[in-house]
Every structure is written in C-alpha cells, then in structure tokens.
file structure-v5.cif (mmCIF, C-alpha atoms and all ligand atoms)
data_my_file
loop_
_atom_site.label_atom_id
_atom_site.label_comp_id
_atom_site.auth_asym_id
_atom_site.auth_seq_id
_atom_site.Cartn_x
_atom_site.Cartn_y
_atom_site.Cartn_z
CA MET W 81 16.50 43.17 -67.09
CA ARG W 82 14.02 45.36 -68.92
CA ARG W 83 14.59 45.68 -72.65
CA LYS W 84 14.62 49.27 -73.83
CA MET W 85 12.16 50.38 -76.49
CA VAL W 86 11.97 53.32 -78.85
CA ALA W 87 8.55 53.88 -80.38
CA GLY W 88 7.77 56.42 -83.09
CA ASN W 89 4.32 57.97 -83.01
CA TRP W 90 3.76 59.40 -86.47
CA LYS W 91 0.44 60.96 -85.38
CA MET W 92 -1.61 62.35 -88.31
CA TYR W 93 1.35 63.13 -90.56
CA GLY W 94 2.52 61.88 -93.92
CA ARG W 95 1.03 60.38 -97.05
CA ARG W 96 1.29 56.87 -98.37
CA ALA W 97 4.44 57.55 -100.40
CA SER W 98 6.27 59.54 -97.72
CA ALA W 99 5.28 57.06 -95.01
CA ARG W 100 6.64 54.19 -97.07
CA ILE W 101 9.91 56.07 -97.66
CA LEU W 102 10.24 56.84 -93.94
CA ALA W 103 9.68 53.20 -92.99
CA ARG W 104 12.20 52.06 -95.61
CA GLU W 105 14.80 54.57 -94.40
CA ILE W 106 14.36 53.46 -90.80
CA GLU W 107 14.53 49.79 -91.67
CA ASP W 108 17.62 50.29 -93.84
CA GLY W 109 19.34 52.73 -91.50
CA LEU W 110 19.14 50.84 -88.22
CA PRO W 111 22.17 48.81 -87.22
CA ALA W 112 21.82 45.12 -88.01
CA VAL W 113 21.94 44.25 -84.33
CA LEU W 114 20.35 46.54 -81.80
CA PRO W 115 19.64 45.39 -78.23
CA ILE W 116 16.34 47.27 -78.02
CA ASP W 117 12.81 47.04 -79.43
CA VAL W 118 11.91 49.51 -82.17
CA LEU W 119 8.30 50.28 -83.03
CA VAL W 120 6.65 52.62 -85.52
CA CYS W 121 3.03 53.73 -85.20
CA PRO W 122 1.84 55.16 -88.54
CA PRO W 123 -1.66 56.48 -89.20
CA ALA W 124 -4.07 53.54 -89.29
CA ILE W 125 -4.83 53.93 -92.96
CA TYR W 126 -1.17 53.31 -93.81
CA LEU W 127 -0.57 50.35 -91.48
CA GLU W 128 -0.98 47.86 -94.29
CA ALA W 129 1.36 49.79 -96.59
CA ILE W 130 4.01 50.04 -93.88
CA LYS W 131 3.62 46.37 -93.09
CA GLY W 132 4.36 45.78 -96.75
CA VAL W 133 7.58 47.78 -96.48
CA LEU W 134 8.73 46.19 -93.25
CA GLY W 135 7.76 42.70 -94.33
CA GLU W 136 8.79 40.25 -91.70
CA SER W 137 11.41 42.65 -90.33
CA ALA W 138 12.55 41.46 -86.95
CA ARG W 139 13.96 44.88 -86.17
CA VAL W 140 11.00 47.19 -86.57
CA MET W 141 7.59 46.31 -85.15
CA LEU W 142 4.29 47.85 -86.14
CA GLY W 143 2.04 49.73 -83.74
CA ALA W 144 -1.31 51.49 -84.01
CA GLN W 145 -2.24 54.82 -82.45
CA ASP W 146 -5.71 53.84 -81.17
CA LEU W 147 -8.32 51.09 -81.25
CA CYS W 148 -12.03 50.63 -80.60
CA ALA W 149 -13.02 49.87 -77.00
CA GLN W 150 -15.41 47.21 -78.23
CA GLY W 151 -13.68 43.96 -79.01
CA GLU W 152 -16.45 42.15 -80.88
CA ASP W 153 -17.25 42.95 -84.50
CA GLY W 154 -20.29 45.18 -84.64
CA ALA W 155 -21.98 48.39 -85.63
CA ARG W 156 -19.24 50.92 -84.82
CA THR W 157 -18.95 53.09 -87.91
CA GLY W 158 -15.44 54.37 -88.45
CA GLU W 159 -13.85 52.27 -85.74
CA ILE W 160 -11.05 49.71 -85.98
CA SER W 161 -10.98 46.76 -83.61
CA GLY W 162 -8.00 45.19 -81.93
CA ALA W 163 -8.62 42.00 -83.89
CA MET W 164 -8.43 43.99 -87.15
CA LEU W 165 -5.14 45.56 -86.06
CA LEU W 166 -3.71 42.18 -85.14
CA ASP W 167 -4.87 40.84 -88.50
CA THR W 168 -2.90 43.65 -90.18
CA GLY W 169 0.35 42.72 -88.47
CA VAL W 170 0.16 45.16 -85.58
CA SER W 171 1.72 44.05 -82.27
CA HIS W 172 1.33 47.16 -80.08
CA VAL W 173 -1.22 49.93 -79.72
CA LEU W 174 -1.11 53.32 -78.02
CA VAL W 175 -3.94 53.79 -75.55
CA GLY W 176 -4.95 57.08 -73.99
CA HIS W 177 -2.55 59.42 -75.74
CA SER W 178 -3.02 62.90 -74.30
CA GLU W 179 -4.07 64.30 -77.67
CA ARG W 180 -6.95 61.83 -77.69
CA ARG W 181 -7.75 62.65 -74.07
CA GLN W 182 -7.67 66.41 -74.65
CA LEU W 183 -9.00 66.80 -78.18
CA LEU W 184 -10.99 63.67 -78.94
CA GLY W 185 -13.03 63.05 -75.83
CA GLU W 186 -11.16 60.12 -74.31
CA THR W 187 -11.81 59.65 -70.61
CA ASN W 188 -10.03 57.57 -68.02
CA GLU W 189 -12.93 55.11 -68.36
CA SER W 190 -12.71 54.80 -72.14
CA VAL W 191 -8.95 54.44 -71.88
CA GLY W 192 -9.40 51.57 -69.42
CA ALA W 193 -11.89 49.89 -71.75
CA LYS W 194 -9.53 50.26 -74.70
CA LEU W 195 -6.67 48.78 -72.74
CA VAL W 196 -8.80 45.73 -71.94
CA ALA W 197 -9.83 45.46 -75.61
CA ALA W 198 -6.18 45.58 -76.65
CA LEU W 199 -5.18 42.85 -74.20
CA ASP W 200 -8.16 40.69 -75.20
CA ALA W 201 -7.13 41.01 -78.85
CA GLY W 202 -3.59 39.89 -78.10
CA LEU W 203 -2.01 43.31 -78.59
CA ILE W 204 0.43 44.97 -76.20
CA PRO W 205 -1.05 48.28 -75.07
CA ILE W 206 1.17 51.28 -74.46
CA LEU W 207 -0.76 53.21 -71.85
CA CYS W 208 -0.05 56.94 -72.02
CA VAL W 209 -0.28 59.01 -68.87
CA GLY W 210 0.88 62.48 -67.94
CA GLU W 211 -0.05 65.78 -66.43
CA THR W 212 -0.72 69.22 -67.90
CA LEU W 213 1.42 72.23 -67.04
CA ALA W 214 -1.26 73.57 -64.69
CA GLU W 215 -1.39 70.22 -62.92
CA ARG W 216 2.40 70.14 -62.55
CA GLU W 217 2.50 73.69 -61.27
CA GLY W 218 -0.29 72.79 -58.85
CA LEU W 219 1.92 69.94 -57.57
CA ARG W 220 -0.67 67.42 -58.76
CA THR W 221 1.51 65.36 -61.09
CA GLU W 222 1.50 62.23 -58.94
CA ALA W 223 -2.21 62.47 -58.17
CA VAL W 224 -3.07 62.84 -61.87
CA VAL W 225 -0.90 59.92 -62.90
CA VAL W 226 -2.35 57.73 -60.14
CA THR W 227 -5.89 58.58 -61.27
CA GLN W 228 -4.99 57.60 -64.82
CA LEU W 229 -3.36 54.34 -63.72
CA GLN W 230 -6.11 53.52 -61.23
CA ALA W 231 -8.76 53.85 -63.93
CA VAL W 232 -7.02 51.06 -65.78
CA VAL W 233 -6.68 48.91 -62.69
CA ASN W 234 -10.41 49.35 -62.04
CA VAL W 235 -11.35 47.62 -65.27
CA ALA W 236 -8.32 45.54 -66.18
CA GLY W 237 -7.08 44.54 -62.75
CA ASN W 238 -3.57 44.84 -61.39
CA ASP W 239 -2.34 42.08 -63.69
CA ALA W 240 -2.64 44.48 -66.61
CA PHE W 241 0.76 45.87 -65.68
CA ALA W 242 2.31 42.50 -66.39
CA ARG W 243 1.09 42.77 -69.97
CA CYS W 244 1.36 46.40 -70.93
CA ILE W 245 3.88 49.19 -71.34
CA VAL W 246 3.42 52.60 -69.74
CA ALA W 247 4.45 55.83 -71.44
CA TYR W 248 4.87 58.87 -69.23
CA GLU W 249 4.20 61.85 -71.47
CA PRO W 250 3.87 65.17 -69.67
CA VAL W 251 1.46 67.19 -71.78
CA TRP W 252 3.55 70.34 -71.46
CA ALA W 253 6.48 68.58 -73.09
CA ILE W 254 4.64 67.22 -76.11
CA GLY W 255 5.41 69.04 -79.32
CA THR W 256 6.80 72.02 -77.42
CA GLY W 257 10.52 71.40 -77.71
CA ARG W 258 10.61 71.56 -73.92
CA ASN W 259 11.40 68.08 -72.68
CA ALA W 260 11.22 67.01 -69.07
CA THR W 261 14.70 67.03 -67.61
CA PRO W 262 16.16 63.59 -66.94
CA ASP W 263 15.60 64.18 -63.21
CA GLN W 264 11.99 65.22 -63.73
CA ALA W 265 11.34 62.15 -65.87
CA GLN W 266 13.12 59.85 -63.43
CA ALA W 267 11.10 61.19 -60.51
CA VAL W 268 7.78 60.33 -62.16
CA HIS W 269 8.97 57.03 -63.63
CA GLY W 270 10.29 55.96 -60.24
CA PHE W 271 7.01 56.99 -58.65
CA ILE W 272 4.99 54.98 -61.20
CA ARG W 273 7.14 51.91 -60.63
CA SER W 274 6.78 52.07 -56.86
CA TRP W 275 3.03 52.65 -57.16
CA VAL W 276 2.73 49.59 -59.40
CA ALA W 277 4.83 47.60 -56.91
CA GLU W 278 2.41 48.55 -54.13
CA GLN W 279 -0.59 47.53 -56.23
CA THR W 280 0.87 44.31 -57.57
CA ASP W 281 4.23 42.97 -56.56
CA GLN W 282 7.84 43.96 -56.98
CA GLU W 283 8.50 41.54 -59.82
CA ILE W 284 5.74 42.94 -62.03
CA ALA W 285 6.92 46.47 -61.22
CA ASP W 286 10.52 45.60 -61.98
CA ASP W 287 9.55 44.12 -65.35
CA LEU W 288 7.25 46.98 -66.37
CA ARG W 289 8.69 49.10 -69.15
CA ILE W 290 8.07 52.81 -68.70
CA LEU W 291 8.83 54.97 -71.74
CA TYR W 292 9.29 58.72 -71.64
CA GLY W 293 7.60 60.89 -74.28
CA GLY W 294 7.68 64.63 -74.87
CA SER W 295 10.17 66.39 -77.14
CA VAL W 296 12.63 63.48 -77.22
CA LYS W 297 15.35 64.50 -79.69
CA PRO W 298 18.81 63.21 -80.59
CA ASP W 299 20.39 65.82 -78.33
CA ASN W 300 18.49 64.85 -75.17
CA ALA W 301 17.70 61.16 -75.63
CA ALA W 302 20.93 59.74 -74.19
CA ALA W 303 20.59 61.60 -70.89
CA LEU W 304 16.93 60.62 -70.55
CA PHE W 305 17.53 56.96 -71.40
CA ALA W 306 20.40 56.76 -68.93
CA MET W 307 18.01 57.28 -66.01
CA PRO W 308 17.39 54.04 -64.14
CA ASP W 309 13.60 53.96 -64.56
CA VAL W 310 13.44 55.36 -68.11
CA ASP W 311 13.18 52.35 -70.37
CA GLY W 312 13.17 54.17 -73.68
CA GLY W 313 11.09 56.74 -75.50
CA LEU W 314 7.83 57.42 -77.25
CA VAL W 315 8.90 59.88 -79.92
CA GLY W 316 6.64 62.19 -81.89
CA GLY W 317 8.19 64.88 -84.10
CA ALA W 318 11.66 63.38 -84.23
CA SER W 319 10.25 60.03 -85.40
CA LEU W 320 9.22 61.65 -88.68
CA LYS W 321 12.83 62.18 -89.70
CA ALA W 322 14.60 58.87 -90.22
CA SER W 323 18.07 60.13 -89.29
CA ASP W 324 16.81 61.58 -85.99
CA PHE W 325 14.79 58.49 -85.14
CA ILE W 326 17.71 56.22 -85.94
CA ALA W 327 20.03 58.38 -83.83
CA ILE W 328 17.62 58.08 -80.90
CA CYS W 329 17.43 54.30 -81.37
CA ARG W 330 21.22 54.09 -81.40
CA MET W 331 21.39 56.03 -78.14
CA ALA W 332 18.90 53.67 -76.53
CA GLY W 333 21.05 50.81 -77.79
CA GLU W 334 24.15 52.35 -76.27
CA THR W 335 22.53 52.87 -72.87
CA ALA W 336 21.20 49.30 -73.04
CA ARG W 337 24.69 48.00 -73.74
CA ALA W 338 26.06 50.11 -70.88
CA GLY W 339 23.52 48.40 -68.65
CA THR W 340 21.64 51.52 -67.56
P1 LIG Q 1 6.90 65.02 -79.51
O1 LIG Q 1 8.08 64.08 -79.48
O2 LIG Q 1 6.67 65.64 -80.84
O3 LIG Q 1 6.95 65.96 -78.38
O4 LIG Q 1 5.60 64.08 -79.27
C1 LIG Q 1 5.58 63.20 -78.20
C2 LIG Q 1 4.39 62.34 -78.31
O5 LIG Q 1 3.27 62.79 -78.19
C3 LIG Q 1 4.61 60.92 -78.60
O6 LIG Q 1 3.44 60.17 -78.43
#
call {"tool": "encode", "arguments": {"input": "structure-v5.cif", "output": "structure tokens", "more": "lines below"}}
Ligand code: 13P
result
Amino acid sequence: MRRKMVAGNWKMYGRRASARILAREIEDGLPAVLPIDVLVCPPAIYLEAIKGVLGESARVMLGAQDLCAQGEDGARTGEISGAMLLDTGVSHVLVGHSERRQLLGETNESVGAKLVAALDAGLIPILCVGETLAEREGLRTEAVVVTQLQAVVNVAGNDAFARCIVAYEPVWAIGTGRNATPDQAQAVHGFIRSWVAEQTDQEIADDLRILYGGSVKPDNAAALFAMPDVDGGLVGGASLKASDFIAICRMAGETARAGT
C-alpha cells in the first residue's frame, strides 16, 4: 500500500521570520497522528532555520527545491550539493520542477544528472514532470512525460523508480488556479505507472508514489487524492498558508484512511 504524501513547495517566497512562523503553524496545527507523509520545501537559505523550528519532528520532513548535479565538493560557485542538504537535515529534494526547466535552463539531461546526484547523496528525489498547455492541446502529453522519464532512465537506470517519487505537474495548472480535473490527473498518473511497469516490473510500479501538483487547494484536494493513482500532492501557493496546507494534509489523511 502506497503511503500518501503532501509536500509544500514554498518556492521563492517568505523571509526568515515568516518562514519560521509558517513552519511552526504547520507543525502545531497538524493532527498528532496522520497516516501520510508531510514535507515542506522552503527556500534553501532558510532550510537550517526551518530545521531548527521542526527539530526532530516526526510529522513534518524537510525538503529542498533543487541541488547541484555534481556530487563531489568542488568549484561550483553558488551551488549546493546533495551532501550539504543531507547534512542540513533534508530528506527529499525536488528535481526538474517546471519553473527550473522553463526559466532557469534545466534540461532533461541536467534533471537526470541531478536525480542521480540526489540518490548518490542519500536523498529521495521528487522528479517533476508535466506538459505545457500547447503540448496538451497538441495531444502530446504522454510523449512529453515519457521523454522526461526516459531521460532519467538513461542516466539513472530503471531502478531509480524504486527510490524516487514522481510529481506530475501540468505546467498549465501551476499557479493558475486551474487544476487538472481528477480524471485528467488520474489518466496521466495511470499512464506513468503503467509505463514504469513496462520499464521495470509491476512491483516497482505499484510502490511508486506519484503526486499531483498544480493549483491544489482545500476545495479540490479531496477529489484529486481519491483517484486510485494519485498518491498525494505537491502544493505551491496553498502551502504558504498554514490553514490551507493543514486542510489539504487532513484530506490526504482521510483518503488514506478510506483506503483510496
Ligand atoms: P501551485 O499549487 O501554486 O499551482 O504550484 C504548484 C507547484 O508548482 C508545486 O511545485
């Protein structure tokens, strides 16, 4: 049985004080027992501060938004290695977020290299894939997603799917308030799982967690999380408001308890 996860991607928002307050509100506001994994991914510069707030919290894990593709220490001005993230208490790292692909020059190849660097460092990568609106309208969603997944297989091998999480984030749904419908999300999640099963084996595919991201809000989360291949959410805007994020976590908990 796959354990559901709700991950908050804080992107480049907040300041030290507000980030600490948000982390404290989330930690205090979550139910004591929740049958899901909860992760927050603050800006890298505040990871240490948020780690300080969360302490050894068993309920909220710490994620990073990016890492350097090179694993070894070296001359990479401005970069942060997987080992440094691990050293700071990070357990997960986003890899290949569409904003990095579209605005910051990430390619399928660099994403593959970063995923390998994350695995080598002992982090769990959350591999982000998803199509643009033009690609969806051109009926190329599956082809685009396969290209993004295949790039990872090329460098990390099929086994990577036994050690990572996938986040399906249609670009047209990110920050737009226009989420994929539960059926649209399910169609792509189901496709990803069957593609992974073909590449690896059914057990790895069955165990792979596939999160949905793109305008997840308290009013649509329950329907999305109830879909059989949607194993939780990667939440942007709504993760910046503790009450919304907590509401979304509760909904994931309820669907987990209901066994969907
Ligand atoms: P929004 O939830 O703001 O659409 O952002 C989604 C996202 O990009 C999470 O990584």
call {"tool": "closest_atom_pairs", "arguments": {"input": "structure-v5.cif", "of": "chain W", "to": "ligand LIG 1 (chain Q)", "cutoff": "7 Å", "atoms": "only C-alpha atoms and all ligand atoms", "output": "JSON lines"}}
result
{"residue": "W:Asn89", "atom": "CA", "partner": "Q:LIG1", "partner_atom": "O6", "distance": 5.2}
{"residue": "W:His177", "atom": "CA", "partner": "Q:LIG1", "partner_atom": "O6", "distance": 6.6}
{"residue": "W:Glu249", "atom": "CA", "partner": "Q:LIG1", "partner_atom": "O5", "distance": 6.8}
{"residue": "W:Ala253", "atom": "CA", "partner": "Q:LIG1", "partner_atom": "O3", "distance": 5.9}
{"residue": "W:Ile254", "atom": "CA", "partner": "Q:LIG1", "partner_atom": "O3", "distance": 3.5}
{"residue": "W:Gly255", "atom": "CA", "partner": "Q:LIG1", "partner_atom": "O3", "distance": 3.6}
{"residue": "W:Thr256", "atom": "CA", "partner": "Q:LIG1", "partner_atom": "O3", "distance": 6.1}
{"residue": "W:Gly257", "atom": "CA", "partner": "Q:LIG1", "partner_atom": "O3", "distance": 6.5}
{"residue": "W:Gly293", "atom": "CA", "partner": "Q:LIG1", "partner_atom": "C1", "distance": 5.0}
{"residue": "W:Gly294", "atom": "CA", "partner": "Q:LIG1", "partner_atom": "O3", "distance": 3.8}
{"residue": "W:Ser295", "atom": "CA", "partner": "Q:LIG1", "partner_atom": "O3", "distance": 3.5}
{"residue": "W:Val296", "atom": "CA", "partner": "Q:LIG1", "partner_atom": "O1", "distance": 5.1}
{"residue": "W:Leu314", "atom": "CA", "partner": "Q:LIG1", "partner_atom": "C3", "distance": 4.9}
{"residue": "W:Val315", "atom": "CA", "partner": "Q:LIG1", "partner_atom": "O1", "distance": 4.3}
{"residue": "W:Gly316", "atom": "CA", "partner": "Q:LIG1", "partner_atom": "O1", "distance": 3.4}
{"residue": "W:Gly317", "atom": "CA", "partner": "Q:LIG1", "partner_atom": "O2", "distance": 3.7}
{"residue": "W:Ala318", "atom": "CA", "partner": "Q:LIG1", "partner_atom": "O1", "distance": 6.0}
call {"tool": "write_last_selection", "arguments": {"input": "structure-v5.cif", "atoms": "C-alpha atoms", "output": "short mmCIF file (atom, residue, chain, number, x, y, z; two decimals), keeping the file's coordinate frame"}}
result
data_model
loop_
_atom_site.label_atom_id
_atom_site.label_comp_id
_atom_site.auth_asym_id
_atom_site.auth_seq_id
_atom_site.Cartn_x
_atom_site.Cartn_y
_atom_site.Cartn_z
CA ASN W 89 4.32 57.97 -83.01
CA HIS W 177 -2.55 59.42 -75.74
CA GLU W 249 4.20 61.85 -71.47
CA ALA W 253 6.48 68.58 -73.09
CA ILE W 254 4.64 67.22 -76.11
CA GLY W 255 5.41 69.04 -79.32
CA THR W 256 6.80 72.02 -77.42
CA GLY W 257 10.52 71.40 -77.71
CA GLY W 293 7.60 60.89 -74.28
CA GLY W 294 7.68 64.63 -74.87
CA SER W 295 10.17 66.39 -77.14
CA VAL W 296 12.63 63.48 -77.22
CA LEU W 314 7.83 57.42 -77.25
CA VAL W 315 8.90 59.88 -79.92
CA GLY W 316 6.64 62.19 -81.89
CA GLY W 317 8.19 64.88 -84.10
CA ALA W 318 11.66 63.38 -84.23
#
call {"tool": "atom_distance", "arguments": {"input": "structure-v5.cif", "atom1": "atom CA of W:Val310", "atom2": "atom CA of W:Asp146"}}
result
23.2 Å
call {"tool": "closest_residue", "arguments": {"input": "structure-v5.cif", "among": "W:His172, W:Arg220, W:Arg181, W:Arg139", "to": "W:Arg243", "atoms": "only C-alpha atoms"}}
result
W:His172
call {"tool": "axis_aligned_box", "arguments": {"input": "structure-v5.cif", "around": "stretch 220-237 of chain W", "padding_each_side": "6 Å", "output": "lines of an AutoDock Vina configuration file"}}
result
center_x = -4.9
center_y = 56.0
center_z = -62.2
size_x = 24.9
size_y = 34.9
size_z = 20.0
call {"tool": "atom_distance", "arguments": {"input": "structure-v5.cif", "atom1": "atom CA of W:Gln150", "atom2": "atom CA of W:Leu127"}}
result
20.1 Å
call {"tool": "closest_residue", "arguments": {"input": "structure-v5.cif", "among": "W:Glu186, W:Asp281, W:Glu215, W:Asp263", "to": "W:Phe241", "atoms": "only C-alpha atoms"}}
result
W:Asp281
call {"tool": "residues_near_point", "arguments": {"input": "structure-v5.cif", "point": "(2.9, 55.9, -90.1)", "cutoff": "9 Å", "atoms": "only C-alpha atoms", "output": "count of residues only"}}
result
25
